[in-house]
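Engineer: This is the structure I want to talk about, given as structure tokens.
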Amino acid sequence: MKETVDSDDFIELEKTMEAQSHSRASTILTCPVCGSTNITYYMGLKTGVQYQCKDCDYVGTFIIEQDKE
């Protein structure tokens with residue numbers, strides 16, 4: 001059974017990502033594998049938000065958030 005994605009899913013994802021980006025303005029995302037801060041969003045929607053480290057290619061939901069000092 002193939003699951004389809006509609007425009008409402010993208011709108012919901014965009015709202016979630018915008019809210020998270022505002023709440024993370026005072027935090028730094030850090031890779032749990034290599035410690036890099038070169039992190040981007042990888043995917044979302046029904047799978048939940050995942051991140052990708054551009055330095056070691058880690059992909060996953062677990063990410064370390066540190067407060068900016």
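Order determines the names: the first chain of the structure tokens is A, the second B, and so forth; residues in each chain are numbered 1 upward, and ligands are numbered 1 upward as they are shown.
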Just the residues within 10 Å of A:Cys34, please, counting only C-alpha atoms, with nothing from its chain fewer than 4 positions along; format it as a PDB file with N, CA and C atoms, in the first residue's frame.
Structural biologist:
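Saved file selection23.pdb follows:
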```
ATOM      1  N   THR A  30      24.148  20.054  17.266  1.00  0.00           N
ATOM      2  CA  THR A  30      25.442  19.386  17.208  1.00  0.00           C
ATOM      3  C   THR A  30      25.249  17.907  16.873  1.00  0.00           C
ATOM      4  N   CYS A  53      24.127  15.419   9.158  1.00  0.00           N
ATOM      5  CA  CYS A  53      25.403  16.078   9.380  1.00  0.00           C
ATOM      6  C   CYS A  53      26.133  16.126   8.045  1.00  0.00           C
ATOM      7  N   ASP A  55      29.189  16.844   7.623  1.00  0.00           N
ATOM      8  CA  ASP A  55      30.590  16.443   7.756  1.00  0.00           C
ATOM      9  C   ASP A  55      30.776  14.927   7.774  1.00  0.00           C
ATOM     10  N   CYS A  56      29.929  14.200   8.521  1.00  0.00           N
ATOM     11  CA  CYS A  56      30.116  12.741   8.613  1.00  0.00           C
ATOM     12  C   CYS A  56      28.957  11.957   7.982  1.00  0.00           C
ATOM     13  N   ASP A  57      27.971  12.660   7.414  1.00  0.00           N
ATOM     14  CA  ASP A  57      26.806  12.052   6.767  1.00  0.00           C
ATOM     15  C   ASP A  57      25.874  11.299   7.713  1.00  0.00           C
ATOM     16  N   TYR A  58      25.949  11.573   9.018  1.00  0.00           N
ATOM     17  CA  TYR A  58      24.992  11.003   9.967  1.00  0.00           C
ATOM     18  C   TYR A  58      23.598  11.488   9.592  1.00  0.00           C
TER      19      TYR A  58
END
```
Engineer: Just how far from atom CA of A:Val59 is atom CA of A:Ser36, in Å to one decimal?
Structural biologist: 12.9 Å
Engineer: When you draw a straight line from atom CA of A:Gly60 to atom CA of A:Met43, how long is it in Å?
Structural biologist: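 Value for the atom CA of A:Gly60-atom CA of A:Met43 distance: 9.6 Å.
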Engineer: Quick one: of A:Lys68, A:Leu13, A:Phe62, A:Asp8, who's nearest to A:Val33, counting only C-alpha atoms?
Structural biologist: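 Closest to A:Val33 of all the choices is A:Phe62.
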